[in-house]
>>> print(open('target_21.cif').read())   # mmCIF, C-alpha atoms, pLDDT in the B column; chains and numbers go by the auth columns
data_protein
#
loop_
_atom_site.group_PDB
_atom_site.id
_atom_site.type_symbol
_atom_site.label_atom_id
_atom_site.label_comp_id
_atom_site.label_asym_id
_atom_site.label_seq_id
_atom_site.Cartn_x
_atom_site.Cartn_y
_atom_site.Cartn_z
_atom_site.B_iso_or_equiv
_atom_site.auth_seq_id
_atom_site.auth_asym_id
ATOM 1 C CA MET A 1 -53.122 49.712 -58.350 46.00 10 A
ATOM 2 C CA SER A 2 -52.454 45.996 -58.143 47.00 11 A
ATOM 3 C CA VAL A 3 -55.428 43.792 -57.333 46.00 12 A
ATOM 4 C CA ALA A 4 -55.864 40.140 -56.512 46.00 13 A
ATOM 5 C CA LYS A 5 -56.532 37.655 -59.280 48.00 14 A
ATOM 6 C CA ARG A 6 -60.193 37.375 -60.218 44.00 15 A
ATOM 7 C CA SER A 7 -62.144 34.435 -58.843 42.00 16 A
ATOM 8 C CA LYS A 8 -63.668 31.955 -61.274 51.00 17 A
ATOM 9 C CA ARG A 9 -66.983 32.071 -59.366 61.00 18 A
ATOM 10 C CA SER A 10 -69.365 34.917 -60.117 77.00 19 A
ATOM 11 C CA VAL A 11 -70.553 37.155 -57.280 82.00 20 A
ATOM 12 C CA THR A 12 -74.094 38.465 -57.587 85.00 21 A
ATOM 13 C CA VAL A 13 -76.020 41.249 -55.901 87.00 22 A
ATOM 14 C CA GLY A 14 -77.865 39.970 -52.838 85.00 23 A
ATOM 15 C CA GLU A 15 -75.355 37.169 -52.207 86.00 24 A
ATOM 16 C CA ASP A 16 -73.731 36.610 -48.815 84.00 25 A
ATOM 17 C CA ILE A 17 -69.988 36.000 -48.904 82.00 26 A
ATOM 18 C CA THR A 18 -67.867 34.598 -46.104 78.00 27 A
ATOM 19 C CA CYS A 19 -65.694 36.984 -44.145 70.00 28 A
ATOM 20 C CA PRO A 20 -63.667 36.585 -40.923 60.00 29 A
ATOM 21 C CA THR A 21 -65.963 36.313 -37.923 51.00 30 A
ATOM 22 C CA GLN A 22 -64.006 39.082 -36.216 46.00 31 A
ATOM 23 C CA VAL A 23 -65.239 41.569 -38.826 50.00 32 A
ATOM 24 C CA ALA A 24 -68.904 40.594 -39.082 49.00 33 A
ATOM 25 C CA SER A 25 -70.713 39.080 -36.120 51.00 34 A
ATOM 26 C CA ASP A 26 -72.423 36.465 -38.275 60.00 35 A
ATOM 27 C CA GLY A 27 -69.367 35.804 -40.435 66.00 36 A
ATOM 28 C CA LYS A 28 -70.900 37.066 -43.697 76.00 37 A
ATOM 29 C CA ILE A 29 -71.061 40.264 -45.717 80.00 38 A
ATOM 30 C CA ARG A 30 -74.087 40.935 -47.965 82.00 39 A
ATOM 31 C CA ILE A 31 -73.323 42.088 -51.517 86.00 40 A
ATOM 32 C CA ARG A 32 -75.668 45.058 -51.968 84.00 41 A
ATOM 33 C CA SER A 33 -74.695 46.469 -55.351 86.00 42 A
ATOM 34 C CA GLU A 34 -73.023 45.563 -58.614 88.00 43 A
ATOM 35 C CA ARG A 35 -70.077 47.790 -57.670 83.00 44 A
ATOM 36 C CA ALA A 36 -69.686 45.806 -54.420 85.00 45 A
ATOM 37 C CA ALA A 37 -69.776 42.560 -56.416 84.00 46 A
ATOM 38 C CA GLN A 38 -67.082 43.899 -58.738 84.00 47 A
ATOM 39 C CA VAL A 39 -64.848 44.828 -55.793 81.00 48 A
ATOM 40 C CA ALA A 40 -65.351 41.355 -54.309 81.00 49 A
ATOM 41 C CA ARG A 41 -64.245 39.780 -57.592 81.00 50 A
ATOM 42 C CA TRP A 42 -61.260 42.117 -57.986 81.00 51 A
ATOM 43 C CA PHE A 43 -59.875 41.353 -54.546 75.00 52 A
ATOM 44 C CA GLY A 44 -60.859 37.702 -54.416 75.00 53 A
ATOM 45 C CA LEU A 45 -63.188 38.254 -51.470 75.00 54 A
ATOM 46 C CA ASP A 46 -65.682 35.735 -52.816 63.00 55 A
ATOM 47 C CA ARG A 47 -63.214 32.936 -52.229 60.00 56 A
ATOM 48 C CA HIS A 48 -63.162 30.933 -49.013 51.00 57 A
ATOM 49 C CA PRO A 49 -60.445 32.359 -46.716 46.00 58 A
ATOM 50 C CA SER A 50 -57.308 30.245 -46.760 44.00 59 A
ATOM 51 C CA ARG A 51 -56.422 28.444 -43.547 40.00 60 A
ATOM 52 C CA ASP A 52 -53.145 30.280 -43.095 40.00 61 A
ATOM 53 C CA ALA A 53 -54.946 33.638 -43.363 40.00 62 A
ATOM 54 C CA ARG A 54 -56.657 33.157 -40.027 41.00 63 A
ATOM 55 C CA SER A 55 -55.819 31.757 -36.616 39.00 64 A
ATOM 56 C CA ASN A 56 -56.615 28.152 -35.721 38.00 65 A
ATOM 57 C CA ASP A 57 -59.640 29.223 -33.721 41.00 66 A
ATOM 58 C CA ALA A 58 -60.962 31.801 -36.188 39.00 67 A
ATOM 59 C CA LYS A 59 -63.519 29.736 -38.110 38.00 68 A
ATOM 60 C CA PRO A 60 -65.495 31.024 -41.066 36.00 69 A
ATOM 61 C CA ALA A 61 -69.227 31.626 -40.912 36.00 70 A
ATOM 62 C CA SER A 62 -70.052 27.987 -40.157 39.00 71 A
ATOM 63 C CA GLY A 63 -68.432 28.451 -36.768 43.00 72 A
ATOM 64 C CA GLY A 64 -70.807 31.307 -35.952 42.00 73 A
ATOM 65 C CA ARG A 65 -70.776 33.185 -32.683 44.00 74 A
ATOM 66 C CA ALA A 66 -69.317 30.273 -30.736 45.00 75 A
ATOM 67 C CA SER A 67 -66.059 30.422 -32.706 51.00 76 A
ATOM 68 C CA VAL A 68 -65.640 34.097 -31.789 55.00 77 A
ATOM 69 C CA GLU A 69 -66.267 33.381 -28.118 58.00 78 A
ATOM 70 C CA LYS A 70 -63.473 30.801 -28.229 64.00 79 A
ATOM 71 C CA LEU A 71 -61.093 33.674 -28.928 69.00 80 A
ATOM 72 C CA ALA A 72 -62.358 35.791 -26.027 73.00 81 A
ATOM 73 C CA PRO A 73 -59.453 36.323 -23.620 82.00 82 A
ATOM 74 C CA ARG A 74 -59.650 35.129 -20.045 82.00 83 A
ATOM 75 C CA LEU A 75 -59.507 38.114 -17.723 88.00 84 A
ATOM 76 C CA GLN A 76 -57.504 37.472 -14.603 89.00 85 A
ATOM 77 C CA PRO A 77 -57.988 39.704 -11.532 89.00 86 A
ATOM 78 C CA GLY A 78 -55.439 42.493 -11.256 91.00 87 A
ATOM 79 C CA THR A 79 -54.640 42.506 -14.982 94.00 88 A
ATOM 80 C CA ILE A 80 -55.289 44.646 -18.037 95.00 89 A
ATOM 81 C CA THR A 81 -56.056 43.099 -21.427 95.00 90 A
ATOM 82 C CA LEU A 82 -55.510 45.237 -24.517 95.00 91 A
ATOM 83 C CA ILE A 83 -57.310 44.485 -27.796 94.00 92 A
ATOM 84 C CA ALA A 84 -55.346 46.271 -30.510 94.00 93 A
ATOM 85 C CA GLY A 85 -55.689 46.582 -34.250 91.00 94 A
ATOM 86 C CA PRO A 86 -56.732 48.925 -37.038 90.00 95 A
ATOM 87 C CA SER A 87 -60.259 50.269 -37.388 86.00 96 A
ATOM 88 C CA GLY A 88 -62.668 47.594 -38.610 82.00 97 A
ATOM 89 C CA ALA A 89 -60.321 44.719 -37.793 84.00 98 A
ATOM 90 C CA GLY A 90 -62.754 43.082 -35.333 85.00 99 A
ATOM 91 C CA LYS A 91 -61.864 44.608 -31.955 90.00 100 A
ATOM 92 C CA SER A 92 -65.448 45.506 -31.017 89.00 101 A
ATOM 93 C CA THR A 93 -66.760 42.077 -31.989 87.00 102 A
ATOM 94 C CA LEU A 94 -64.121 40.376 -29.867 89.00 103 A
ATOM 95 C CA LEU A 95 -64.883 42.731 -26.972 91.00 104 A
ATOM 96 C CA ARG A 96 -68.577 41.829 -27.145 89.00 105 A
ATOM 97 C CA ALA A 97 -67.705 38.139 -27.268 88.00 106 A
ATOM 98 C CA THR A 98 -65.558 38.615 -24.172 90.00 107 A
ATOM 99 C CA ARG A 99 -68.462 40.234 -22.382 90.00 108 A
ATOM 100 C CA ASP A 100 -70.694 37.282 -23.285 87.00 109 A
ATOM 101 C CA ALA A 101 -68.038 34.844 -22.089 85.00 110 A
ATOM 102 C CA HIS A 102 -67.894 36.566 -18.681 84.00 111 A
ATOM 103 C CA ARG A 103 -71.613 36.919 -18.009 81.00 112 A
ATOM 104 C CA ALA A 104 -71.232 35.945 -14.368 70.00 113 A
ATOM 105 C CA ARG A 105 -68.963 38.894 -13.611 81.00 114 A
ATOM 106 C CA ARG A 106 -69.832 42.559 -13.206 87.00 115 A
ATOM 107 C CA TRP A 107 -69.089 44.298 -16.498 91.00 116 A
ATOM 108 C CA ILE A 108 -68.556 48.045 -16.042 93.00 117 A
ATOM 109 C CA GLU A 109 -68.529 49.842 -19.394 93.00 118 A
ATOM 110 C CA LEU A 110 -66.880 53.259 -19.097 89.00 119 A
ATOM 111 C CA SER A 111 -68.865 54.800 -21.941 84.00 120 A
ATOM 112 C CA GLU A 112 -72.189 53.779 -20.355 88.00 121 A
ATOM 113 C CA LEU A 113 -71.602 55.296 -16.926 90.00 122 A
ATOM 114 C CA ALA A 114 -74.016 58.164 -16.295 87.00 123 A
ATOM 115 C CA ALA A 115 -72.475 61.278 -14.767 85.00 124 A
ATOM 116 C CA PRO A 116 -74.710 63.044 -12.217 87.00 125 A
ATOM 117 C CA ASP A 117 -75.460 66.735 -12.731 89.00 126 A
ATOM 118 C CA ALA A 118 -73.721 67.744 -9.528 92.00 127 A
ATOM 119 C CA PRO A 119 -70.321 68.974 -8.334 91.00 128 A
ATOM 120 C CA LEU A 120 -67.764 66.186 -8.375 92.00 129 A
ATOM 121 C CA VAL A 121 -67.557 66.103 -4.569 90.00 130 A
ATOM 122 C CA ASP A 122 -71.302 65.361 -4.454 92.00 131 A
ATOM 123 C CA CYS A 123 -71.139 62.479 -6.932 92.00 132 A
ATOM 124 C CA PHE A 124 -69.852 60.075 -4.264 92.00 133 A
ATOM 125 C CA ASN A 125 -72.133 60.911 -1.361 89.00 134 A
ATOM 126 C CA ASP A 126 -71.931 57.378 0.005 90.00 135 A
ATOM 127 C CA LEU A 127 -68.231 57.990 0.721 91.00 136 A
ATOM 128 C CA PRO A 128 -66.766 60.188 3.447 92.00 137 A
ATOM 129 C CA LEU A 129 -65.614 63.484 1.956 92.00 138 A
ATOM 130 C CA ARG A 130 -61.929 62.679 2.413 92.00 139 A
ATOM 131 C CA ALA A 131 -62.364 59.308 0.694 92.00 140 A
ATOM 132 C CA ALA A 132 -64.175 60.971 -2.223 93.00 141 A
ATOM 133 C CA LEU A 133 -61.316 63.452 -2.646 93.00 142 A
ATOM 134 C CA GLU A 134 -58.773 60.631 -2.513 92.00 143 A
ATOM 135 C CA LEU A 135 -60.693 58.746 -5.224 92.00 144 A
ATOM 136 C CA LEU A 136 -60.737 61.800 -7.498 93.00 145 A
ATOM 137 C CA ALA A 137 -57.048 62.450 -6.873 91.00 146 A
ATOM 138 C CA ARG A 138 -56.266 58.830 -7.800 88.00 147 A
ATOM 139 C CA VAL A 139 -57.511 59.446 -11.352 89.00 148 A
ATOM 140 C CA GLY A 140 -55.759 62.809 -11.651 88.00 149 A
ATOM 141 C CA LEU A 141 -58.578 65.128 -10.586 92.00 150 A
ATOM 142 C CA GLY A 142 -56.909 66.633 -7.544 89.00 151 A
ATOM 143 C CA GLU A 143 -57.427 70.383 -8.042 90.00 152 A
ATOM 144 C CA ALA A 144 -59.704 72.255 -5.645 88.00 153 A
ATOM 145 C CA TRP A 145 -61.570 74.066 -8.423 90.00 154 A
ATOM 146 C CA THR A 146 -62.189 70.765 -10.207 90.00 155 A
ATOM 147 C CA TYR A 147 -63.921 69.355 -7.128 92.00 156 A
ATOM 148 C CA LEU A 148 -66.531 72.132 -7.407 92.00 157 A
ATOM 149 C CA ARG A 149 -67.315 71.644 -11.094 92.00 158 A
ATOM 150 C CA THR A 150 -69.991 69.407 -12.573 93.00 159 A
ATOM 151 C CA PRO A 151 -69.008 66.740 -15.134 93.00 160 A
ATOM 152 C CA ASP A 152 -70.398 68.909 -17.960 92.00 161 A
ATOM 153 C CA GLU A 153 -68.024 71.691 -16.951 92.00 162 A
ATOM 154 C CA LEU A 154 -64.948 69.474 -17.287 92.00 163 A
ATOM 155 C CA SER A 155 -62.717 69.138 -20.300 91.00 164 A
ATOM 156 C CA GLU A 156 -63.026 65.949 -22.374 89.00 165 A
ATOM 157 C CA GLY A 157 -59.895 64.514 -20.770 89.00 166 A
ATOM 158 C CA GLN A 158 -61.168 65.327 -17.282 91.00 167 A
ATOM 159 C CA ARG A 159 -64.516 63.673 -18.060 92.00 168 A
ATOM 160 C CA TRP A 160 -62.671 60.530 -19.092 91.00 169 A
ATOM 161 C CA ARG A 161 -60.848 60.498 -15.761 91.00 170 A
ATOM 162 C CA PHE A 162 -64.097 61.181 -13.910 94.00 171 A
ATOM 163 C CA ARG A 163 -65.768 58.184 -15.607 92.00 172 A
ATOM 164 C CA LEU A 164 -62.768 56.138 -14.528 91.00 173 A
ATOM 165 C CA ALA A 165 -63.381 57.310 -10.953 93.00 174 A
ATOM 166 C CA LEU A 166 -67.027 56.195 -11.263 94.00 175 A
ATOM 167 C CA ALA A 167 -65.870 52.796 -12.530 92.00 176 A
ATOM 168 C CA LEU A 168 -63.391 52.402 -9.686 89.00 177 A
ATOM 169 C CA HIS A 169 -66.059 53.328 -7.182 91.00 178 A
ATOM 170 C CA ALA A 170 -68.426 50.742 -8.669 88.00 179 A
ATOM 171 C CA SER A 171 -65.637 48.147 -8.620 85.00 180 A
ATOM 172 C CA ALA A 172 -64.840 48.719 -4.974 76.00 181 A
ATOM 173 C CA ALA A 173 -68.441 49.058 -3.807 59.00 182 A
ATOM 174 C CA ARG A 174 -68.488 45.602 -2.238 52.00 183 A
ATOM 175 C CA ASP A 175 -66.259 42.603 -1.771 51.00 184 A
ATOM 176 C CA ALA A 176 -66.165 40.529 -4.916 49.00 185 A
ATOM 177 C CA GLY A 177 -66.677 36.815 -4.825 56.00 186 A
ATOM 178 C CA GLU A 178 -65.281 34.338 -7.318 54.00 187 A
ATOM 179 C CA ASN A 179 -68.159 34.920 -9.780 59.00 188 A
ATOM 180 C CA ASP A 180 -68.652 38.611 -9.044 68.00 189 A
ATOM 181 C CA ARG A 181 -65.284 40.172 -9.711 82.00 190 A
ATOM 182 C CA PRO A 182 -65.690 43.414 -11.665 91.00 191 A
ATOM 183 C CA ILE A 183 -64.371 44.036 -15.159 93.00 192 A
ATOM 184 C CA ILE A 184 -63.788 47.612 -16.326 94.00 193 A
ATOM 185 C CA ALA A 185 -64.195 47.728 -20.105 95.00 194 A
ATOM 186 C CA CYS A 186 -63.971 50.314 -22.833 93.00 195 A
ATOM 187 C CA ASP A 187 -64.201 50.190 -26.604 93.00 196 A
ATOM 188 C CA GLU A 188 -62.304 52.893 -28.543 91.00 197 A
ATOM 189 C CA PHE A 189 -60.398 53.674 -25.365 91.00 198 A
ATOM 190 C CA ALA A 190 -59.527 57.404 -25.130 87.00 199 A
ATOM 191 C CA ALA A 191 -59.942 57.730 -28.911 86.00 200 A
ATOM 192 C CA ALA A 192 -61.365 61.255 -28.704 84.00 201 A
ATOM 193 C CA LEU A 193 -58.505 62.573 -26.571 88.00 202 A
ATOM 194 C CA ASP A 194 -55.276 64.184 -27.658 90.00 203 A
ATOM 195 C CA ARG A 195 -52.484 61.660 -27.452 89.00 204 A
ATOM 196 C CA VAL A 196 -50.776 63.090 -24.354 91.00 205 A
ATOM 197 C CA THR A 197 -54.058 63.080 -22.415 89.00 206 A
ATOM 198 C CA ALA A 198 -54.826 59.576 -23.682 91.00 207 A
ATOM 199 C CA MET A 199 -51.543 58.302 -22.278 92.00 208 A
ATOM 200 C CA ILE A 200 -52.286 59.999 -18.947 90.00 209 A
ATOM 201 C CA VAL A 201 -55.680 58.264 -18.778 90.00 210 A
ATOM 202 C CA ALA A 202 -54.057 54.943 -19.714 93.00 211 A
ATOM 203 C CA HIS A 203 -51.478 55.380 -16.956 93.00 212 A
ATOM 204 C CA ARG A 204 -54.231 56.182 -14.456 90.00 213 A
ATOM 205 C CA LEU A 205 -56.081 53.016 -15.419 93.00 214 A
ATOM 206 C CA ARG A 206 -52.894 51.008 -14.910 94.00 215 A
ATOM 207 C CA ARG A 207 -52.410 52.447 -11.428 91.00 216 A
ATOM 208 C CA ALA A 208 -56.077 51.907 -10.595 89.00 217 A
ATOM 209 C CA ILE A 209 -56.013 48.205 -11.497 91.00 218 A
ATOM 210 C CA ASP A 210 -52.820 47.783 -9.494 91.00 219 A
ATOM 211 C CA ALA A 211 -54.722 49.193 -6.506 87.00 220 A
ATOM 212 C CA LEU A 212 -57.742 46.913 -7.092 85.00 221 A
ATOM 213 C CA PRO A 213 -56.308 43.384 -7.296 84.00 222 A
ATOM 214 C CA HIS A 214 -59.798 41.818 -7.422 86.00 223 A
ATOM 215 C CA ALA A 215 -60.743 43.767 -10.581 90.00 224 A
ATOM 216 C CA ALA A 216 -59.657 43.438 -14.206 92.00 225 A
ATOM 217 C CA ALA A 217 -59.757 45.766 -17.190 94.00 226 A
ATOM 218 C CA ILE A 218 -60.083 45.234 -20.931 95.00 227 A
ATOM 219 C CA VAL A 219 -59.803 48.010 -23.500 95.00 228 A
ATOM 220 C CA ALA A 220 -59.889 48.121 -27.275 94.00 229 A
ATOM 221 C CA THR A 221 -58.034 50.738 -29.291 94.00 230 A
ATOM 222 C CA SER A 222 -56.436 51.376 -32.652 92.00 231 A
ATOM 223 C CA HIS A 223 -53.827 53.681 -31.101 91.00 232 A
ATOM 224 C CA GLU A 224 -50.539 51.944 -30.372 88.00 233 A
ATOM 225 C CA ASP A 225 -49.020 54.883 -28.501 90.00 234 A
ATOM 226 C CA ILE A 226 -50.865 54.108 -25.256 92.00 235 A
ATOM 227 C CA GLU A 227 -49.500 50.562 -24.944 92.00 236 A
ATOM 228 C CA PRO A 228 -46.492 51.519 -22.758 93.00 237 A
ATOM 229 C CA ALA A 229 -48.712 53.512 -20.373 94.00 238 A
ATOM 230 C CA LEU A 230 -51.258 50.692 -20.081 94.00 239 A
ATOM 231 C CA ALA A 231 -48.565 48.067 -19.491 94.00 240 A
ATOM 232 C CA ALA A 232 -51.169 45.390 -20.246 95.00 241 A
ATOM 233 C CA GLU A 233 -50.443 41.843 -19.148 94.00 242 A
ATOM 234 C CA VAL A 234 -52.179 40.445 -22.250 93.00 243 A
ATOM 235 C CA VAL A 235 -52.243 41.967 -25.745 93.00 244 A
ATOM 236 C CA VAL A 236 -54.687 40.610 -28.330 92.00 245 A
ATOM 237 C CA ARG A 237 -54.003 41.853 -31.861 91.00 246 A
ATOM 238 C CA CYS A 238 -56.822 41.708 -34.418 88.00 247 A
ATOM 239 C CA ASP A 239 -56.022 41.910 -38.099 82.00 248 A
ATOM 240 C CA PHE A 240 -59.131 41.225 -40.209 74.00 249 A
ATOM 241 C CA GLY A 241 -59.583 37.557 -39.365 69.00 250 A
ATOM 242 C CA ARG A 242 -56.250 36.845 -37.731 81.00 251 A
ATOM 243 C CA VAL A 243 -56.068 37.030 -33.942 84.00 252 A
ATOM 244 C CA GLU A 244 -52.805 36.782 -32.052 88.00 253 A
ATOM 245 C CA THR A 245 -52.473 36.799 -28.272 87.00 254 A
ATOM 246 C CA THR A 246 -49.148 37.663 -26.657 87.00 255 A
ATOM 247 C CA ASP A 247 -47.826 38.524 -23.235 84.00 256 A
ATOM 248 C CA GLY A 248 -47.729 42.262 -22.672 77.00 257 A
ATOM 249 C CA HIS A 249 -45.532 44.455 -20.544 68.00 258 A
ATOM 250 C CA GLY A 250 -47.317 43.941 -17.237 53.00 259 A
#
>>> encode(input="target_21.cif", output="structure tokens")
Amino acid sequence: MSVAKRSKRSVTVGEDITCPTQVASDGKIRIRSERAAQVARWFGLDRHPSRDARSNDAKPASGGRASVEKLAPRLQPGTITLIAGPSGAGKSTLLRATRDAHRARRWIELSELAAPDAPLVDCFNDLPLRAALELLARVGLGEAWTYLRTPDELSEGQRWRFRLALALHASAARDAGENDRPIIACDEFAAALDRVTAMIVAHRLRRAIDALPHAAAIVATSHEDIEPALAAEVVVRCDFGRVETTDGHG
């Protein structure tokens, strides 16, 4: 195994070393053991990151939280933003920074939506029955037997689509003003699903945002296979301190 050249500076247990702010929220990693110190020396992690190893806006620890928020994408109504990158590359940190940067807007986190213990048709009692069925059909839950099941009785893929229906209902609950436009967000988007089901859910989200031009969506994932189905307008790629924003396929 080839390793980076050793640093001249000694790393000691208990020392904080600088890391990209996208990986650690405070921009530092604590050395907690002699083995960790040895790894830091082997791979040169105790050295200050070189300028060309990070984007212009990705400052080291001295930049703090503010430097991460600078990288938070602007979410335009009617668009999907995809945060992509391998596990641990900083996607969740950037997603949290985006949430902080859009405090004035309604942030609807898919994973935090509580599913009522009731048949699906009774989970939208403020809607006429026909409208509730149309909402469920929009996310791919259009079977008669599915309408009669509770969320706990659904498959994992169906529960994902049901949470999407809850998010769409919350997004369309009232007219959104300039500072109240909803954002549908999800970290580790569809990570627990088989890949075919994940692409179906991604496609449903794309169609849903197209039907809600006042809303926006932002998802983070390490799975590249869902990118065509999402057809995101903006793709932000995280790579352990380097952040690159490009136009997507939207």
>>> closest_residue(input="target_21.cif", among="A:Ala123, A:Ala224, A:Leu145, A:Leu91", to="Gln167 of chain A", atoms="all atoms listed in the file")
A:Leu145
>>> atom_distance(input="target_21.cif", atom1="atom CA of Arg170 of chain A", atom2="atom CA of Arg215 of chain A")
12.4 Å
>>> resolve_selection(input="target_21.cif", expression="the PyMOL selection byres ((chain A and resi 92) around 7)", output="list in words")
Thr90, Leu91, Ala93, Gly94, Lys100, Val228, Ala229, Thr230, Val244, Val245 and Arg246 of chain A
>>> resolve_selection(input="target_21.cif", expression="the PyMOL selection byres ((chain A and resi 239) around 6)", output="ChimeraX atom specification")
/A:211-212,215,236-238,240-241
>>> write_last_selection(input="target_21.cif", atoms="C-alpha atoms", output="mmCIF file, keeping the file's coordinate frame")
data_model
loop_
_atom_site.group_PDB
_atom_site.id
_atom_site.type_symbol
_atom_site.label_atom_id
_atom_site.label_comp_id
_atom_site.auth_asym_id
_atom_site.auth_seq_id
_atom_site.Cartn_x
_atom_site.Cartn_y
_atom_site.Cartn_z
ATOM 1 C CA ALA A 211 -54.057 54.943 -19.714
ATOM 2 C CA HIS A 212 -51.478 55.380 -16.956
ATOM 3 C CA ARG A 215 -52.894 51.008 -14.910
ATOM 4 C CA GLU A 236 -49.500 50.562 -24.944
ATOM 5 C CA PRO A 237 -46.492 51.519 -22.758
ATOM 6 C CA ALA A 238 -48.712 53.512 -20.373
ATOM 7 C CA ALA A 240 -48.565 48.067 -19.491
ATOM 8 C CA ALA A 241 -51.169 45.390 -20.246
#
>>> resolve_selection(input="target_21.cif", expression="the PyMOL selection byres ((chain A and resi 195-208) around 8)", output="count of residues only")
24
>>> atom_distance(input="target_21.cif", atom1="atom CA of Asp126 of chain A", atom2="atom CA of Tyr156 of chain A")
13.1 Å
>>> atom_distance(input="target_21.cif", atom1="atom CA of Trp51 of chain A", atom2="atom CA of Lys37 of chain A")
18.0 Å
>>> closest_residue(input="target_21.cif", among="A:Glu24, A:Asp109, A:Asp248, A:Glu121", to="Ala176 of chain A", atoms="only C-alpha atoms")
A:Glu121
>>> build_atoms(input="target_21.cif", residues="segment 153-159 of chain A", atoms="all heavy atoms", output="mmCIF file, in the frame of the given file")
data_model
loop_
_atom_site.group_PDB
_atom_site.id
_atom_site.type_symbol
_atom_site.label_atom_id
_atom_site.label_comp_id
_atom_site.auth_asym_id
_atom_site.auth_seq_id
_atom_site.Cartn_x
_atom_site.Cartn_y
_atom_site.Cartn_z
ATOM 1 N N ALA A 153 -58.565 71.809 -6.443
ATOM 2 C CA ALA A 153 -59.704 72.255 -5.645
ATOM 3 C C ALA A 153 -60.841 72.773 -6.515
ATOM 4 O O ALA A 153 -62.018 72.472 -6.263
ATOM 5 C CB ALA A 153 -59.256 73.344 -4.668
ATOM 6 N N TRP A 154 -60.515 73.544 -7.566
ATOM 7 C CA TRP A 154 -61.570 74.066 -8.423
ATOM 8 C C TRP A 154 -62.289 72.951 -9.171
ATOM 9 O O TRP A 154 -63.484 73.054 -9.454
ATOM 10 C CB TRP A 154 -60.988 75.077 -9.420
ATOM 11 C CG TRP A 154 -60.628 76.393 -8.790
ATOM 12 C CD1 TRP A 154 -59.376 76.865 -8.554
ATOM 13 C CD2 TRP A 154 -61.533 77.382 -8.281
ATOM 14 N NE1 TRP A 154 -59.425 78.091 -7.942
ATOM 15 C CE2 TRP A 154 -60.742 78.436 -7.756
ATOM 16 C CE3 TRP A 154 -62.918 77.484 -8.213
ATOM 17 C CZ2 TRP A 154 -61.296 79.578 -7.184
ATOM 18 C CZ3 TRP A 154 -63.481 78.622 -7.638
ATOM 19 C CH2 TRP A 154 -62.675 79.649 -7.138
ATOM 20 N N THR A 155 -61.575 71.882 -9.496
ATOM 21 C CA THR A 155 -62.189 70.765 -10.207
ATOM 22 C C THR A 155 -63.232 70.089 -9.329
ATOM 23 O O THR A 155 -64.288 69.665 -9.823
ATOM 24 C CB THR A 155 -61.121 69.752 -10.638
ATOM 25 O OG1 THR A 155 -60.147 70.413 -11.431
ATOM 26 C CG2 THR A 155 -61.725 68.617 -11.439
ATOM 27 N N TYR A 156 -62.970 69.989 -8.033
ATOM 28 C CA TYR A 156 -63.921 69.355 -7.128
ATOM 29 C C TYR A 156 -65.294 70.044 -7.181
ATOM 30 O O TYR A 156 -66.331 69.409 -6.952
ATOM 31 C CB TYR A 156 -63.416 69.419 -5.691
ATOM 32 C CG TYR A 156 -62.145 68.667 -5.418
ATOM 33 C CD1 TYR A 156 -61.236 69.137 -4.468
ATOM 34 C CD2 TYR A 156 -61.851 67.484 -6.080
ATOM 35 C CE1 TYR A 156 -60.066 68.454 -4.199
ATOM 36 C CE2 TYR A 156 -60.684 66.795 -5.826
ATOM 37 C CZ TYR A 156 -59.783 67.280 -4.883
ATOM 38 O OH TYR A 156 -58.623 66.599 -4.621
ATOM 39 N N LEU A 157 -65.293 71.352 -7.467
ATOM 40 C CA LEU A 157 -66.531 72.132 -7.407
ATOM 41 C C LEU A 157 -67.279 72.176 -8.735
ATOM 42 O O LEU A 157 -68.385 72.691 -8.797
ATOM 43 C CB LEU A 157 -66.219 73.564 -6.961
ATOM 44 C CG LEU A 157 -65.414 73.698 -5.662
ATOM 45 C CD1 LEU A 157 -65.194 75.160 -5.319
ATOM 46 C CD2 LEU A 157 -66.113 72.975 -4.520
ATOM 47 N N ARG A 158 -66.692 71.628 -9.779
ATOM 48 C CA ARG A 158 -67.315 71.644 -11.094
ATOM 49 C C ARG A 158 -68.215 70.425 -11.272
ATOM 50 O O ARG A 158 -68.023 69.389 -10.653
ATOM 51 C CB ARG A 158 -66.256 71.666 -12.196
ATOM 52 C CG ARG A 158 -65.491 72.967 -12.300
ATOM 53 C CD ARG A 158 -64.625 72.978 -13.562
ATOM 54 N NE ARG A 158 -64.060 74.285 -13.816
ATOM 55 C CZ ARG A 158 -62.833 74.648 -13.494
ATOM 56 N NH1 ARG A 158 -62.029 73.787 -12.913
ATOM 57 N NH2 ARG A 158 -62.395 75.867 -13.767
ATOM 58 N N THR A 159 -69.180 70.555 -12.171
ATOM 59 C CA THR A 159 -69.991 69.407 -12.573
ATOM 60 C C THR A 159 -69.291 68.693 -13.723
ATOM 61 O O THR A 159 -68.419 69.282 -14.386
ATOM 62 C CB THR A 159 -71.396 69.855 -13.023
ATOM 63 O OG1 THR A 159 -71.267 70.623 -14.228
ATOM 64 C CG2 THR A 159 -72.070 70.689 -11.942
#
